Structure formats: C-alpha cells, structure tokens
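> Below is the file final-v9.tsv, with TSV, C-alpha atoms.
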```tsv
chain	number	residue	atom	x	y	z
A	1	MET	CA	-239.18	66.75	-79.52
A	2	LYS	CA	-236.39	68.66	-81.27
A	3	ASP	CA	-234.64	65.38	-82.27
A	4	GLU	CA	-237.89	64.00	-83.72
A	5	LYS	CA	-238.30	67.04	-85.99
A	6	ALA	CA	-234.68	66.76	-87.14
A	7	ALA	CA	-235.17	63.06	-87.94
A	8	GLN	CA	-238.30	63.86	-89.97
A	9	ALA	CA	-236.47	66.56	-91.96
A	10	VAL	CA	-233.87	64.07	-93.20
A	11	ALA	CA	-235.07	62.20	-96.30
A	12	PRO	CA	-234.95	58.42	-96.06
A	13	TRP	CA	-232.25	56.62	-97.99
A	14	ILE	CA	-233.40	55.36	-101.40
A	15	ARG	CA	-231.62	52.08	-102.14
A	16	ILE	CA	-230.63	51.29	-105.73
A	17	PRO	CA	-232.66	48.15	-106.60
A	18	ASN	CA	-231.04	44.80	-107.37
A	19	GLY	CA	-230.64	44.25	-111.12
A	20	THR	CA	-229.88	47.92	-111.83
A	21	ARG	CA	-227.04	48.43	-114.29
A	22	VAL	CA	-224.32	50.72	-112.95
A	23	ARG	CA	-220.83	51.95	-113.80
A	24	HIS	CA	-218.12	52.07	-111.14
A	25	ARG	CA	-216.74	55.61	-111.51
A	26	PRO	CA	-213.16	55.02	-110.34
A	27	GLU	CA	-212.61	51.93	-112.52
A	28	GLY	CA	-215.07	52.60	-115.36
A	29	LYS	CA	-216.39	49.03	-115.30
A	30	ASP	CA	-220.07	48.29	-115.89
A	31	GLY	CA	-221.93	45.84	-113.70
A	32	VAL	CA	-225.24	44.97	-112.06
A	33	VAL	CA	-226.29	45.64	-108.46
A	34	ASP	CA	-226.57	42.27	-106.70
A	35	GLY	CA	-227.51	43.29	-103.16
A	36	LEU	CA	-225.86	44.87	-100.14
A	37	THR	CA	-223.02	43.76	-97.87
A	38	GLU	CA	-222.57	45.13	-94.37
A	39	ILE	CA	-219.11	46.62	-93.89
A	40	VAL	CA	-217.57	46.46	-90.43
A	41	THR	CA	-214.43	48.50	-91.11
A	42	GLY	CA	-213.09	50.76	-93.79
A	43	PRO	CA	-214.22	53.87	-95.65
A	44	GLY	CA	-216.84	54.32	-98.32
A	45	ARG	CA	-220.28	53.39	-97.07
A	46	ASN	CA	-223.81	54.01	-98.26
A	47	PRO	CA	-225.95	56.66	-96.56
A	48	ASP	CA	-227.19	53.99	-94.11
A	49	GLY	CA	-223.66	54.13	-92.63
A	50	ARG	CA	-223.11	50.38	-92.65
A	51	SER	CA	-223.27	48.89	-96.14
A	52	GLN	CA	-221.86	48.84	-99.66
A	53	TYR	CA	-223.41	47.54	-102.86
A	54	ARG	CA	-222.29	44.20	-104.31
A	55	ILE	CA	-221.66	44.70	-108.02
A	56	ASP	CA	-221.51	41.76	-110.43
A	57	VAL	CA	-219.05	42.81	-113.15
A	58	ALA	CA	-219.06	40.58	-116.23
A	59	GLY	CA	-215.78	38.72	-116.62
A	60	GLU	CA	-214.73	39.27	-113.00
A	61	PRO	CA	-214.45	36.17	-110.78
A	62	ALA	CA	-215.71	37.89	-107.62
A	63	MET	CA	-218.27	40.54	-106.75
A	64	GLN	CA	-216.94	44.07	-106.41
A	65	LEU	CA	-217.98	46.24	-103.46
A	66	ALA	CA	-218.81	49.92	-103.98
A	67	ALA	CA	-220.38	52.73	-102.01
A	68	GLU	CA	-223.26	54.62	-103.59
A	69	ASP	CA	-221.07	57.68	-104.28
A	70	GLU	CA	-218.82	55.57	-106.53
A	71	LEU	CA	-221.65	54.51	-108.86
A	72	LEU	CA	-223.22	55.98	-111.98
A	73	LEU	CA	-226.68	54.74	-113.03
A	74	LEU	CA	-226.88	53.45	-116.60
A	75	THR	CA	-229.87	54.43	-118.72
A	76	ASP	CA	-231.28	53.65	-122.13
A	77	LYS	CA	-231.45	56.36	-124.84
A	78	SER	CA	-234.78	57.64	-123.49
A	79	GLY	CA	-233.27	58.14	-120.02
A	80	LEU	CA	-234.87	55.19	-118.20
A	81	VAL	CA	-232.64	53.38	-115.72
A	82	LEU	CA	-231.69	49.91	-116.98
A	83	ILE	CA	-232.91	47.16	-114.64
A	84	LEU	CA	-232.61	43.51	-115.63
A	85	ARG	CA	-235.87	41.69	-116.41
A	86	GLN	CA	-238.13	44.67	-115.62
A	87	GLN	CA	-240.87	46.25	-117.70
A	88	GLU	CA	-240.81	49.88	-118.82
A	89	GLY	CA	-243.48	50.99	-116.31
A	90	TYR	CA	-241.47	49.75	-113.32
A	91	ARG	CA	-238.26	51.20	-114.74
A	92	ARG	CA	-239.99	54.58	-115.20
A	93	GLN	CA	-241.17	54.56	-111.58
A	94	ILE	CA	-237.69	53.68	-110.26
A	95	THR	CA	-236.08	56.27	-112.56
A	96	ASP	CA	-238.33	58.98	-111.12
A	97	ARG	CA	-237.49	57.92	-107.53
A	98	LEU	CA	-233.76	57.87	-108.25
A	99	HIS	CA	-233.87	61.27	-110.00
A	100	ALA	CA	-235.37	62.68	-106.80
A	101	THR	CA	-232.28	61.41	-104.94
A	102	PHE	CA	-229.34	61.79	-107.34
A	103	THR	CA	-228.11	64.69	-109.45
A	104	ALA	CA	-228.49	64.49	-113.24
A	105	ASP	CA	-224.75	63.86	-113.76
A	106	ARG	CA	-225.12	60.47	-112.01
A	107	PHE	CA	-227.21	59.14	-114.94
A	108	VAL	CA	-225.35	58.11	-118.10
A	109	VAL	CA	-226.48	56.41	-121.29
A	110	ALA	CA	-225.16	52.84	-121.58
A	111	LYS	CA	-222.75	52.10	-124.42
```
I'd like the structure from this file rewritten - as structure tokens, please.

Amino acid sequence: MKDEKAAQAVAPWIRIPNGTRVRHRPEGKDGVVDGLTEIVTGPGRNPDGRSQYRIDVAGEPAMQLAAEDELLLLTDKSGLVLILRQQEGYRRQITDRLHATFTADRFVVAK
C-alpha cells in the first residue's frame, strides 16, 4: 500500500515529441528529436532510466544521442515550442505540457 502511494506521487515522464527542435547544451548544436534509443551501458539517461533521445543535427552524418538534461527546447518568438510540420494549436498544447515539466530556462528562442 505504501509503495502504491509513492508511485502515484511521482509524476509520469513527459517525453519530448519527435520533430521537436532542440539545442544540445554541451555542444551548442541545433537539431530535431528523431525518436529514442535504449542505452544498455553508460551515463546520461532520460527519466525512464533506459533511453536517450536521437537527435538529427543538420550537416552531421550520424544521429547524435543525448539525455533529456542535455537538451534545450527551441521556441518561436511567441514562446511556442518548434515542432516540424505541426499546427499552432498542437504546438501550444505541447508547449503547455512541457512547461509543466521543465523550468523556464530550458526554453530558448531559435536563432
């Protein structure tokens, strides 16, 4: 019973959707989320404890892997998260969900 209440108190992980434009903090390169890859060994994992995001960086021959903590979310001038091929209404909904998960400093206006 005690474990059930503890599990309910922990918020579920909110995954960054595919197509979301991000910036890799350590390297400063912009890219697009292109799914998840399960990581068997090594540090830097998403809150699920087993994956990293695949990031498609323009001009790079291979996908880059990054944990959620290494990513900034790119927005337009009005603060909506940039997601490829998505309408403003969907982007607004996702932006609200992500703001409930991440601190304001994780959102930056795209160049």
> So which one's closest to Arg91 in chain A, A:Arg106, A:Arg50, A:Lys29, A:Arg21? Using only C-alpha atoms, please.
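Checking each of A:Arg106, A:Arg50, A:Lys29, A:Arg21 against Arg91 in chain A, counting only C-alpha atoms, the winner is A:Arg21.
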> Name the residues, using the chain letters and numbers of the file, that sit within 7 Å of (-224.6, 38.2, -108.4) when counting only C-alpha atoms, and give them as an MDAnalysis selection string.
chainID A and resid 34 56 63
> Using all atoms listed in the file, which residues sit within 10 Å of range 102-104 of chain A once same-chain residues fewer than 6 positions away are excluded, as a VMD selection string?
chain A and resid 14 69 72 to 73
> What would the file look like if the residues just selected were written as a PDB file, keeping the file's coordinate frame with C-alpha atoms?

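File selection05.pdb, as written:
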```pdb
ATOM      1  CA  ILE A  14    -233.400  55.360-101.400  1.00  0.00           C
ATOM      2  CA  ASP A  69    -221.070  57.680-104.280  1.00  0.00           C
ATOM      3  CA  LEU A  72    -223.220  55.980-111.980  1.00  0.00           C
ATOM      4  CA  LEU A  73    -226.680  54.740-113.030  1.00  0.00           C
TER       5      LEU A  73
END
```
> Residues within 6 Å of Val33 in chain A, please, as a ChimeraX atom specification. Count only C-alpha atoms; anything in the same chain fewer than 6 positions from it doesn't count.
/A:18-20,54-55
> Please, what distance in Å, to one decimal, runs between CA of Gly28 in chain A and CA of Gln86 in chain A?
24.4 Å
> Can you measure CA of Ser78 in chain A to CA of Arg23 in chain A for me? One decimal in Å is fine.
17.9 Å
> With distances taken over only C-alpha atoms, which residue among A:Gln87, A:Thr75, A:Gln52, A:Asn46 lies nearest Trp13 in chain A?
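The answer is A:Asn46, which sits nearest to Trp13 in chain A.
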> Using only C-alpha atoms, which of A:Arg45, A:Arg85, A:Lys77, A:Arg15 sits nearest Ala110 in chain A?
A:Lys77
> Nearest to Leu36 in chain A among A:Leu80, A:Leu65, A:Val108, A:Leu71, with distances taken over all atoms listed in the file: which residue is it?
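Using all atoms listed in the file, Leu36 in chain A sits closest to A:Leu65.
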> What is the distance, in Å and to one decimal place, between CA of His99 in chain A and CA of Leu74 in chain A?
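Separating CA of His99 in chain A from CA of Leu74 in chain A is a distance of 12.4 Å.
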> From the list A:Lys111, A:Ile16, A:Gly31, A:Ile94, which residue is nearest Pro47 in chain A when using all atoms listed in the file?
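Closest residue, counting all atoms listed in the file: A:Ile16.
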> How big is the axis-aligned box around all listed atoms of range 13-23 of chain A once 3 Å goes on each side, and where's its centre, in Å to one decimal, as JSON?

```
{"center_x": -227.1, "center_y": 50.4, "center_z": -106.1, "size_x": 18.6, "size_y": 18.4, "size_z": 22.3}
```
> Measuring between all atoms listed in the file, which one of A:Pro61, A:Pro12, A:Pro17, A:Gly49 shows the shortest distance to Val32 in chain A?
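For Val32 in chain A, the nearest of the candidates is A:Pro17.
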